[in-house]
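What follows is the content of coords-v1.pdb (PDB, C-alpha atoms and all ligand atoms).
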```pdb
ATOM      1  CA  MET A  61     131.301 101.080 145.123
ATOM      2  CA  THR A  62     134.292  98.952 146.217
ATOM      3  CA  GLU A  63     133.773 100.177 149.774
ATOM      4  CA  ILE A  64     130.106  99.070 149.661
ATOM      5  CA  ILE A  65     131.051  95.627 148.356
ATOM      6  CA  GLU A  66     133.757  95.185 151.010
ATOM      7  CA  ASN A  67     131.302  96.124 153.772
ATOM      8  CA  ILE A  68     128.648  93.773 152.356
ATOM      9  CA  LYS A  69     131.254  90.989 152.590
ATOM     10  CA  ARG A  70     131.800  91.825 156.279
ATOM     11  CA  ALA A  71     128.050  91.904 156.927
ATOM     12  CA  ALA A  72     127.613  88.558 155.138
ATOM     13  CA  ILE A  73     130.262  86.891 157.309
ATOM     14  CA  GLU A  74     128.475  88.150 160.444
ATOM     15  CA  ILE A  75     125.045  87.028 159.182
ATOM     16  CA  SER A  76     126.450  83.614 158.364
ATOM     17  CA  GLU A  77     127.765  83.331 161.964
ATOM     18  CA  ALA A  78     124.368  84.431 163.326
ATOM     19  CA  ILE A  79     122.564  81.801 161.205
ATOM     20  CA  LYS A  80     124.804  79.103 162.682
ATOM     21  CA  THR A  81     124.506  80.175 166.300
ATOM     22  CA  GLN A  82     121.345  82.163 167.002
ATOM     23  CA  ASP A  83     117.810  81.048 167.888
ATOM     24  CA  THR A  84     115.801  80.037 164.789
ATOM     25  CA  GLY A  85     112.428  81.050 166.278
ATOM     26  CA  LYS A  86     109.848  83.635 165.268
ATOM     27  CA  VAL A  87     109.180  87.078 166.739
ATOM     28  CA  GLU A  88     105.753  88.509 167.563
ATOM     29  CA  THR A  89     105.902  91.254 164.917
ATOM     30  CA  GLN A  90     105.282  91.319 161.147
ATOM     31  CA  ASN A  91     107.281  93.241 158.560
ATOM     32  CA  SER A  92     105.939  95.872 156.117
ATOM     33  CA  SER A  93     104.712  93.187 153.696
ATOM     34  CA  GLY A  94     102.804  91.428 156.496
ATOM     35  CA  ASP A  95     105.236  88.479 156.612
ATOM     36  CA  ILE A  96     105.902  86.750 159.899
ATOM     37  CA  GLN A  97     109.429  87.696 160.967
ATOM     38  CA  VAL A  98     111.928  85.326 162.505
ATOM     39  CA  LYS A  99     114.498  86.591 165.009
ATOM     40  CA  LEU A 100     117.217  86.173 162.408
ATOM     41  CA  ASP A 101     115.405  88.578 160.018
ATOM     42  CA  VAL A 102     115.760  91.281 162.642
ATOM     43  CA  ILE A 103     119.349  90.353 163.585
ATOM     44  CA  SER A 104     120.431  90.287 159.917
ATOM     45  CA  ASP A 105     118.750  93.624 159.243
ATOM     46  CA  THR A 106     120.627  95.193 162.157
ATOM     47  CA  ILE A 107     123.961  93.777 160.946
ATOM     48  CA  VAL A 108     123.530  95.174 157.415
ATOM     49  CA  GLU A 109     122.322  98.520 158.745
ATOM     50  CA  LYS A 110     125.429  98.841 160.936
ATOM     51  CA  TYR A 111     127.801  98.242 158.005
ATOM     52  CA  MET A 112     125.916 100.290 155.421
ATOM     53  CA  LEU A 113     125.505 103.353 157.644
ATOM     54  CA  ASN A 114     129.267 103.173 158.194
ATOM     55  CA  THR A 115     129.986 103.286 154.462
ATOM     56  CA  SER A 116     130.805 106.813 153.308
ATOM     57  CA  SER A 117     129.415 106.423 149.760
ATOM     58  CA  VAL A 118     126.007 105.264 151.056
ATOM     59  CA  LYS A 119     123.478 108.042 151.654
ATOM     60  CA  GLU A 120     120.357 105.988 152.310
ATOM     61  CA  ILE A 121     119.260 102.460 153.111
ATOM     62  CA  ILE A 122     115.888 100.724 152.945
ATOM     63  CA  SER A 123     115.188  97.069 153.662
ATOM     64  CA  GLU A 124     112.401  94.533 153.447
ATOM     65  CA  GLU A 125     112.233  94.754 157.237
ATOM     66  CA  LYS A 126     111.929  98.560 157.379
ATOM     67  CA  GLU A 127     108.824 100.668 156.731
ATOM     68  CA  SER A 128     110.826 103.592 155.321
ATOM     69  CA  PRO A 129     114.457 104.519 154.548
ATOM     70  CA  VAL A 130     117.184 105.537 156.983
ATOM     71  CA  THR A 131     118.967 108.567 155.529
ATOM     72  CA  LYS A 132     122.430 110.062 156.107
ATOM     73  CA  GLU A 133     123.736 113.510 155.265
ATOM     74  CA  ARG A 134     126.230 112.578 152.552
ATOM     75  CA  GLY A 135     126.847 109.826 150.053
ATOM     76  CA  LYS A 136     126.063 108.890 146.476
ATOM     77  CA  TYR A 137     124.341 105.515 146.602
ATOM     78  CA  MET A 138     121.115 104.145 148.022
ATOM     79  CA  VAL A 139     121.143 100.507 149.133
ATOM     80  CA  ALA A 140     117.905  98.466 149.137
ATOM     81  CA  TYR A 141     118.309  95.022 150.651
ATOM     82  CA  ASP A 142     116.608  91.875 151.826
ATOM     83  CA  PRO A 143     118.794  90.916 154.809
ATOM     84  CA  LEU A 144     117.539  87.339 155.009
ATOM     85  CA  ASP A 145     115.608  85.968 152.070
ATOM     86  CA  GLY A 146     113.847  82.648 152.541
ATOM     87  CA  SER A 147     113.814  83.047 156.305
ATOM     88  CA  SER A 148     110.829  80.696 156.631
ATOM     89  CA  LEU A 149     113.315  77.954 155.599
ATOM     90  CA  ILE A 150     115.631  78.651 158.554
ATOM     91  CA  ASP A 151     113.912  76.130 160.847
ATOM     92  CA  VAL A 152     114.226  73.324 158.266
ATOM     93  CA  ASP A 153     117.913  74.080 157.601
ATOM     94  CA  LEU A 154     117.626  74.830 153.879
ATOM     95  CA  SER A 155     119.766  77.475 152.193
ATOM     96  CA  VAL A 156     118.853  81.128 152.654
ATOM     97  CA  GLY A 157     120.355  84.346 151.303
ATOM     98  CA  SER A 158     120.819  88.106 151.411
ATOM     99  CA  ILE A 159     120.107  90.388 148.427
ATOM    100  CA  PHE A 160     121.420  93.914 147.817
ATOM    101  CA  GLY A 161     120.580  96.480 145.125
ATOM    102  CA  ILE A 162     122.838  99.525 144.840
ATOM    103  CA  TYR A 163     120.844 102.437 143.380
ATOM    104  CA  GLU A 164     121.630 105.984 142.341
ATOM    105  CA  ASN A 165     119.062 108.839 142.123
ATOM    106  CA  GLY A 166     116.003 106.712 142.846
ATOM    107  CA  TYR A 167     114.677 103.191 143.234
ATOM    108  CA  ASN A 168     113.352 102.473 139.745
ATOM    109  CA  GLY A 169     114.741  99.570 137.743
ATOM    110  CA  GLU A 170     116.844 101.922 135.612
ATOM    111  CA  ASN A 171     118.554 103.358 138.722
ATOM    112  CA  ILE A 172     120.263 100.148 139.782
ATOM    113  CA  LYS A 173     124.054 100.332 139.374
ATOM    114  CA  ALA A 174     125.169  97.028 140.907
ATOM    115  CA  ALA A 175     123.612  94.001 142.544
ATOM    116  CA  ILE A 176     124.986  91.504 145.016
ATOM    117  CA  TYR A 177     123.592  88.408 146.638
ATOM    118  CA  VAL A 178     124.906  85.940 149.179
ATOM    119  CA  VAL A 179     123.904  82.289 149.539
ATOM    120  CA  TYR A 180     124.239  80.729 152.993
ATOM    121  CA  GLY A 181     124.363  77.064 152.061
ATOM    122  CA  PRO A 182     126.791  74.286 152.938
ATOM    123  CA  ARG A 183     129.281  76.960 151.834
ATOM    124  CA  VAL A 184     128.836  80.727 151.738
ATOM    125  CA  GLU A 185     128.933  82.133 148.210
ATOM    126  CA  MET A 186     128.578  85.685 146.954
ATOM    127  CA  VAL A 187     127.708  86.889 143.461
ATOM    128  CA  VAL A 188     128.634  90.427 142.478
ATOM    129  CA  ALA A 189     127.147  91.920 139.294
ATOM    130  CA  ARG A 190     128.585  95.101 137.862
ATOM    131  CA  ASP A 191     129.785  95.053 134.231
ATOM    132  CA  VAL A 192     130.304  91.320 134.600
ATOM    133  CA  VAL A 193     128.938  88.771 137.058
ATOM    134  CA  GLU A 194     131.481  87.210 139.403
ATOM    135  CA  LEU A 195     131.244  84.327 141.861
ATOM    136  CA  PHE A 196     133.140  84.419 145.169
ATOM    137  CA  ARG A 197     133.294  81.787 147.892
ATOM    138  CA  LEU A 198     134.007  82.344 151.574
ATOM    139  CA  ASN A 199     137.215  80.728 152.772
ATOM    140  CA  GLU A 200     136.119  80.187 156.377
ATOM    141  CA  LYS A 201     139.676  79.664 157.645
ATOM    142  CA  ARG A 202     140.861  82.976 156.292
ATOM    143  CA  GLY A 203     137.574  84.817 156.745
ATOM    144  CA  GLU A 204     137.831  86.087 153.162
ATOM    145  CA  PHE A 205     135.828  85.761 149.980
ATOM    146  CA  GLU A 206     137.908  84.250 147.173
ATOM    147  CA  PHE A 207     137.184  84.835 143.503
ATOM    148  CA  ILE A 208     136.031  81.633 141.769
ATOM    149  CA  LYS A 209     134.891  82.505 138.250
ATOM    150  CA  GLU A 210     132.835  84.692 135.985
ATOM    151  CA  LEU A 211     129.230  83.564 135.423
ATOM    152  CA  LYS A 212     127.418  83.477 132.050
ATOM    153  CA  LEU A 213     124.104  81.976 130.980
ATOM    154  CA  GLN A 214     123.685  79.822 127.870
ATOM    155  CA  ASN A 215     120.681  80.314 125.559
ATOM    156  CA  LYS A 216     118.703  77.406 126.982
ATOM    157  CA  GLY A 217     118.693  75.367 130.171
ATOM    158  CA  LYS A 218     117.162  72.215 131.640
ATOM    159  CA  ILE A 219     115.688  73.242 134.976
ATOM    160  CA  LEU A 220     112.536  74.994 136.095
ATOM    161  CA  GLY A 221     111.620  76.750 139.353
ATOM    162  CA  PRO A 222     107.889  77.527 139.232
ATOM    163  CA  GLY A 223     106.823  79.688 142.223
ATOM    164  CA  GLY A 224     103.438  80.838 143.526
ATOM    165  CA  THR A 225     100.474  78.819 144.755
ATOM    166  CA  GLN A 226      99.501  76.440 141.926
ATOM    167  CA  LYS A 227      95.805  76.550 142.849
ATOM    168  CA  HIS A 228      95.857  80.278 142.000
ATOM    169  CA  TRP A 229      97.908  80.111 138.762
ATOM    170  CA  TYR A 230      96.218  81.530 135.656
ATOM    171  CA  PRO A 231      95.341  78.718 133.187
ATOM    172  CA  TYR A 232      97.797  79.956 130.526
ATOM    173  CA  HIS A 233     100.603  80.002 133.103
ATOM    174  CA  LYS A 234      99.813  76.422 134.111
ATOM    175  CA  GLU A 235      99.789  75.365 130.443
ATOM    176  CA  MET A 236     103.228  76.917 129.896
ATOM    177  CA  ILE A 237     104.725  75.212 132.955
ATOM    178  CA  ASP A 238     103.131  71.850 132.024
ATOM    179  CA  SER A 239     104.433  72.127 128.494
ATOM    180  CA  LEU A 240     107.991  72.900 129.656
ATOM    181  CA  PHE A 241     107.888  69.820 131.904
ATOM    182  CA  GLN A 242     106.640  67.823 128.889
ATOM    183  CA  GLU A 243     109.702  69.072 126.985
ATOM    184  CA  GLY A 244     111.897  67.484 129.652
ATOM    185  CA  TYR A 245     112.593  70.308 132.129
ATOM    186  CA  ARG A 246     113.271  69.109 135.664
ATOM    187  CA  LEU A 247     111.798  70.665 138.808
ATOM    188  CA  ARG A 248     114.294  72.587 140.950
ATOM    189  CA  TYR A 249     112.465  74.607 143.592
ATOM    190  CA  SER A 250     113.379  75.063 147.248
ATOM    191  CA  GLY A 251     111.152  78.021 148.166
ATOM    192  CA  GLY A 252     114.108  80.373 148.544
ATOM    193  CA  MET A 253     114.654  82.572 145.518
ATOM    194  CA  VAL A 254     118.361  83.027 146.270
ATOM    195  CA  PRO A 255     119.376  79.347 146.081
ATOM    196  CA  ASP A 256     116.792  78.703 143.327
ATOM    197  CA  LEU A 257     118.119  81.504 141.107
ATOM    198  CA  HIS A 258     121.716  80.681 142.077
ATOM    199  CA  GLN A 259     121.200  77.123 140.852
ATOM    200  CA  ILE A 260     119.866  78.255 137.463
ATOM    201  CA  LEU A 261     122.738  80.731 137.085
ATOM    202  CA  LEU A 262     125.416  78.187 138.019
ATOM    203  CA  LYS A 263     123.851  75.511 135.780
ATOM    204  CA  GLU A 264     123.913  78.179 133.044
ATOM    205  CA  GLY A 265     120.226  78.233 132.124
ATOM    206  CA  GLY A 266     116.602  77.488 132.904
ATOM    207  CA  LEU A 267     113.611  79.424 134.198
ATOM    208  CA  PHE A 268     112.521  80.770 137.584
ATOM    209  CA  ALA A 269     108.955  82.096 137.628
ATOM    210  CA  TYR A 270     107.052  83.902 140.362
ATOM    211  CA  PRO A 271     103.906  84.910 138.444
ATOM    212  CA  GLY A 272     100.914  87.036 139.259
ATOM    213  CA  THR A 273      98.111  84.764 140.500
ATOM    214  CA  THR A 274      94.348  85.083 140.988
ATOM    215  CA  ASP A 275      94.894  85.824 144.688
ATOM    216  CA  LYS A 276      98.029  87.978 144.196
ATOM    217  CA  PRO A 277      97.855  89.582 140.715
ATOM    218  CA  LYS A 278     101.060  91.529 141.402
ATOM    219  CA  GLY A 279     102.969  88.483 142.617
ATOM    220  CA  LYS A 280     104.847  88.257 145.889
ATOM    221  CA  LEU A 281     108.414  89.278 145.219
ATOM    222  CA  ARG A 282     109.426  92.845 145.985
ATOM    223  CA  LYS A 283     110.871  95.103 143.299
ATOM    224  CA  LEU A 284     113.514  96.996 145.293
ATOM    225  CA  PHE A 285     114.919  94.209 147.434
ATOM    226  CA  GLU A 286     114.459  91.054 145.356
ATOM    227  CA  VAL A 287     113.338  91.587 141.755
ATOM    228  CA  PHE A 288     115.468  94.493 140.477
ATOM    229  CA  PRO A 289     118.723  93.131 141.966
ATOM    230  CA  PHE A 290     118.204  89.668 140.432
ATOM    231  CA  ALA A 291     117.055  91.201 137.132
ATOM    232  CA  TYR A 292     120.358  93.097 137.067
ATOM    233  CA  VAL A 293     122.366  89.946 137.830
ATOM    234  CA  TYR A 294     120.610  87.874 135.155
ATOM    235  CA  LYS A 295     120.854  90.546 132.473
ATOM    236  CA  LYS A 296     124.563  91.124 133.129
ATOM    237  CA  ALA A 297     125.102  87.343 132.899
ATOM    238  CA  GLY A 298     123.566  87.333 129.418
ATOM    239  CA  GLY A 299     120.108  86.245 130.533
ATOM    240  CA  TYR A 300     116.708  87.905 130.621
ATOM    241  CA  ALA A 301     114.324  89.165 133.296
ATOM    242  CA  VAL A 302     110.733  90.141 132.468
ATOM    243  CA  ASP A 303     107.357  90.702 134.149
ATOM    244  CA  GLY A 304     105.629  88.668 131.415
ATOM    245  CA  HIS A 305     105.643  91.580 128.975
ATOM    246  CA  LYS A 306     108.427  94.031 129.726
ATOM    247  CA  ASP A 307     112.018  94.049 130.879
ATOM    248  CA  LEU A 308     111.889  94.151 134.681
ATOM    249  CA  LEU A 309     114.496  96.913 134.776
ATOM    250  CA  SER A 310     112.153  99.188 132.776
ATOM    251  CA  LEU A 311     109.641  99.155 135.658
ATOM    252  CA  LYS A 312     109.142 101.980 138.121
ATOM    253  CA  ALA A 313     108.536 101.544 141.845
ATOM    254  CA  GLU A 314     105.824 103.691 143.392
ATOM    255  CA  HIS A 315     106.244 102.371 146.920
ATOM    256  CA  TYR A 316     109.220 100.849 148.692
ATOM    257  CA  HIS A 317     107.485  97.500 149.155
ATOM    258  CA  ASP A 318     105.870  97.176 145.678
ATOM    259  CA  THR A 319     105.780  93.679 144.193
ATOM    260  CA  THR A 320     105.675  92.448 140.598
ATOM    261  CA  PRO A 321     105.267  89.181 138.712
ATOM    262  CA  CYS A 322     108.750  88.122 137.606
ATOM    263  CA  PHE A 323     110.497  85.626 135.357
ATOM    264  CA  PHE A 324     114.261  85.140 135.208
ATOM    265  CA  GLY A 325     116.084  82.851 132.831
ATOM    266  CA  SER A 326     117.824  82.216 129.579
ATOM    267  CA  GLU A 327     116.717  83.334 126.133
ATOM    268  CA  TYR A 328     114.689  80.303 125.071
ATOM    269  CA  GLU A 329     112.621  80.077 128.259
ATOM    270  CA  ILE A 330     111.977  83.819 128.498
ATOM    271  CA  ASN A 331     110.739  83.817 124.897
ATOM    272  CA  ARG A 332     108.263  81.135 125.931
ATOM    273  CA  VAL A 333     107.077  83.398 128.752
ATOM    274  CA  LEU A 334     106.664  86.397 126.432
ATOM    275  CA  GLU A 335     104.693  84.314 123.884
ATOM    276  CA  THR A 336     102.482  82.874 126.627
ATOM    277  CA  TYR A 337     101.713  86.225 128.228
ATOM    278  CA  LYS A 338     101.091  88.156 124.980
ATOM    279  CA  GLY A 339      97.640  89.802 125.315
ATOM    280  CA  LYS A 340      97.214  88.334 128.839
ATOM    281  CA  LYS A 341      97.617  89.851 132.337
TER
HETATM  282  P1  LIG B 401     111.346  86.354 152.472
HETATM  283  O1  LIG B 401     111.801  85.176 153.263
HETATM  284  O2  LIG B 401     112.391  87.411 152.349
HETATM  285  O3  LIG B 401     110.019  86.909 152.935
HETATM  286  O4  LIG B 401     111.090  85.915 150.949
HETATM  287  C1  LIG B 401     110.928  84.601 150.511
HETATM  288  C2  LIG B 401     110.502  84.655 149.070
HETATM  289  C3  LIG B 401     111.426  83.972 148.081
HETATM  290  O5  LIG B 401     112.661  83.623 148.512
HETATM  291  C4  LIG B 401     110.669  82.758 147.633
HETATM  292  O6  LIG B 401     110.923  82.475 146.296
HETATM  293  C5  LIG B 401     109.239  83.105 147.895
HETATM  294  O7  LIG B 401     109.259  84.020 148.959
HETATM  295  C6  LIG B 401     108.412  81.896 148.227
HETATM  296  O8  LIG B 401     107.205  82.302 148.710
HETATM  297  P2  LIG B 401     105.935  81.340 148.884
HETATM  298  O9  LIG B 401     106.431  80.070 149.474
HETATM  299  O10 LIG B 401     105.042  82.140 149.773
HETATM  300  O11 LIG B 401     105.372  81.146 147.493
HETATM  301 MN    MN B 402     112.796  87.936 150.442
HETATM  302 MN    MN B 403     113.586  88.617 153.887
END
```
Hey, can you dump this file as structure tokens for me?
Ligand code: AHG
Ligand code: MN
Ligand code: MN
Amino acid sequence: MTEIIENIKRAAIEISEAIKTQDTGKVETQNSSGDIQVKLDVISDTIVEKYMLNTSSVKEIISEEKESPVTKERGKYMVAYDPLDGSSLIDVDLSVGSIFGIYENGYNGENIKAAIYVVYGPRVEMVVARDVVELFRLNEKRGEFEFIKELKLQNKGKILGPGGTQKHWYPYHKEMIDSLFQEGYRLRYSGGMVPDLHQILLKEGGLFAYPGTTDKPKGKLRKLFEVFPFAYVYKKAGGYAVDGHKDLLSLKAEHYHDTTPCFFGSEYEINRVLETYKGKK
């Protein structure tokens, strides 16, 4: 596992360099979810692939940008990753990220053994969740990630990141979001789940929601690459991660690119979600 984390650090440093120097334009192709790819999606995917296939404990990799896994002969772990999350924000210079789930014996929620994400913002930060959740920051001069602190969520926060197209929200979802704003929650939403969830984690509470909607009943965010890794991070930090009804890590994945509605946050806000969604879709 240490070897995987060390190689993810190396990949992150290379991706961060690519973000600063490479063309921010689009490519002609789409990925498996039908998203428009930018050149940096493809470059980042290639960087992670290079490092992960060179890691002896990794036997298989699958990414948001790949139709199916790349398999090796030996190794214990399977790594599912989103090499560049929020890539549609690249051209407007907002923060983007990379997300990694380390799985063993399958890609269901219960198979995840560690999760890591990287935020490429004004500074590069990395969060590693195993038994505890730890924050690291890249020291650019030394080219090394330095440990900053352990991260823990409180029982209640003050900020709200409500995703999905509002026009297509179910009425009960809209009522819940409106009522949280009425309680005094403040809007914190960039359109990149990595910085949005990073903010809630660092501010020690709040709610990020990417619900099912009338046009996308299963939501947008992908189980293997986005949802399970963040569910693991939030749960290990003392928070909660649900699909509206169940713990996200109790879900199975039938296909590599399956999506699910998802809610991440602290205890108070997630209880509001569970009450709202009781008996609903
Ligand atoms: P990606 O760039 O990897 O395709 O994913 C972006 C995700 C996530 O970061 C964000 O929360 C969500 O898409 C926003 O999507 P919409 O703007 O389409 O709602
Ligand atoms: Mn993504
Ligand atoms: Mn992506």
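Near ligand MN 402 (chain B), at distances of 6 Å or less and with only C-alpha atoms and all ligand atoms counted, sit the residues Asp142, Asp145 and Gly146 of chain A.
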- Query: Between A:Lys119, A:Arg248, A:Arg197, A:Lys306, which has the minimum distance to ligand LIG 401 (chain B) (counting only C-alpha atoms and all ligand atoms)?
  - Reply: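 Distance minimum relative to ligand LIG 401 (chain B) lands on A:Arg248.
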- Task: Using the chain letters and residue numbers of this document, give as an MDAnalysis selection string the residues selected by the PyMOL selection byres (((not hetatm)) within 9 of (chain B and resi 403)).
- Result: chainID A and resid 95 97 101 105 123:125 141:148 157:159 285:286
- Message: Report as number ranges by chain all protein, DNA and RNA residues lying within 12 Å of Leu198 of chain A, evaluated on all atoms listed in the file, omitting residues in the same chain fewer than 5 positions from it.
- Response: A: 69-70, 72-74, 76, 178-187, 203-208
- Task: Dump as a VMD selection string all residues having an atom at most 12 Å from (123.0, 112.7, 149.7), computed in the file's coordinates with only C-alpha atoms.
- Result: chain A and resid 116 to 121 130 to 138 164 to 166
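In this structure, atom CA of Tyr328 of chain A sits 6.0 Å away from atom CA of Asn215 of chain A.
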- Query: Hey, which of A:Tyr111, A:Tyr232, A:Tyr249, A:Tyr292 ends up closest to Leu309 of chain A? Count all atoms listed in the file.
  - Reply: A:Tyr292
- Expected selection from the PyMOL selection byres (((chain A and resi 288) around 8) and not hetatm), given as a ChimeraX atom specification: /A:161,169,172,283-287,289-292,308-309
For the selection just defined, write its residues with C-alpha atoms to a file, as a PDB file, keeping the file's coordinate frame.
```pdb
ATOM      1  CA  GLY A 161     120.580  96.480 145.125  1.00  0.00           C
ATOM      2  CA  GLY A 169     114.741  99.570 137.743  1.00  0.00           C
ATOM      3  CA  ILE A 172     120.263 100.148 139.782  1.00  0.00           C
ATOM      4  CA  LYS A 283     110.871  95.103 143.299  1.00  0.00           C
ATOM      5  CA  LEU A 284     113.514  96.996 145.293  1.00  0.00           C
ATOM      6  CA  PHE A 285     114.919  94.209 147.434  1.00  0.00           C
ATOM      7  CA  GLU A 286     114.459  91.054 145.356  1.00  0.00           C
ATOM      8  CA  VAL A 287     113.338  91.587 141.755  1.00  0.00           C
ATOM      9  CA  PRO A 289     118.723  93.131 141.966  1.00  0.00           C
ATOM     10  CA  PHE A 290     118.204  89.668 140.432  1.00  0.00           C
ATOM     11  CA  ALA A 291     117.055  91.201 137.132  1.00  0.00           C
ATOM     12  CA  TYR A 292     120.358  93.097 137.067  1.00  0.00           C
ATOM     13  CA  LEU A 308     111.889  94.151 134.681  1.00  0.00           C
ATOM     14  CA  LEU A 309     114.496  96.913 134.776  1.00  0.00           C
TER      15      LEU A 309
END
```
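Minimum atom-to-atom distance to ligand LIG 401 (chain B), evaluated using all atoms listed in the file, belongs to A:Gln90 out of A:Gln90, A:Gln242, A:Asn67, A:Ser310.
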- Got a sec to resolve the PyMOL selection byres (((chain A and resi 320) around 9) and not hetatm) on this structure and send the residues as a PyMOL selection string? chain A and resi 270-272+277-283+287+303+308+318-319+321-322
- Item | Pick from A:Gly325, A:Gly85, A:Gly266, A:Gly251 nearest to Tyr294 of chain A, counting all atoms listed in the file |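 The shortest atom-to-atom distance to Tyr294 of chain A comes from A:Gly325.
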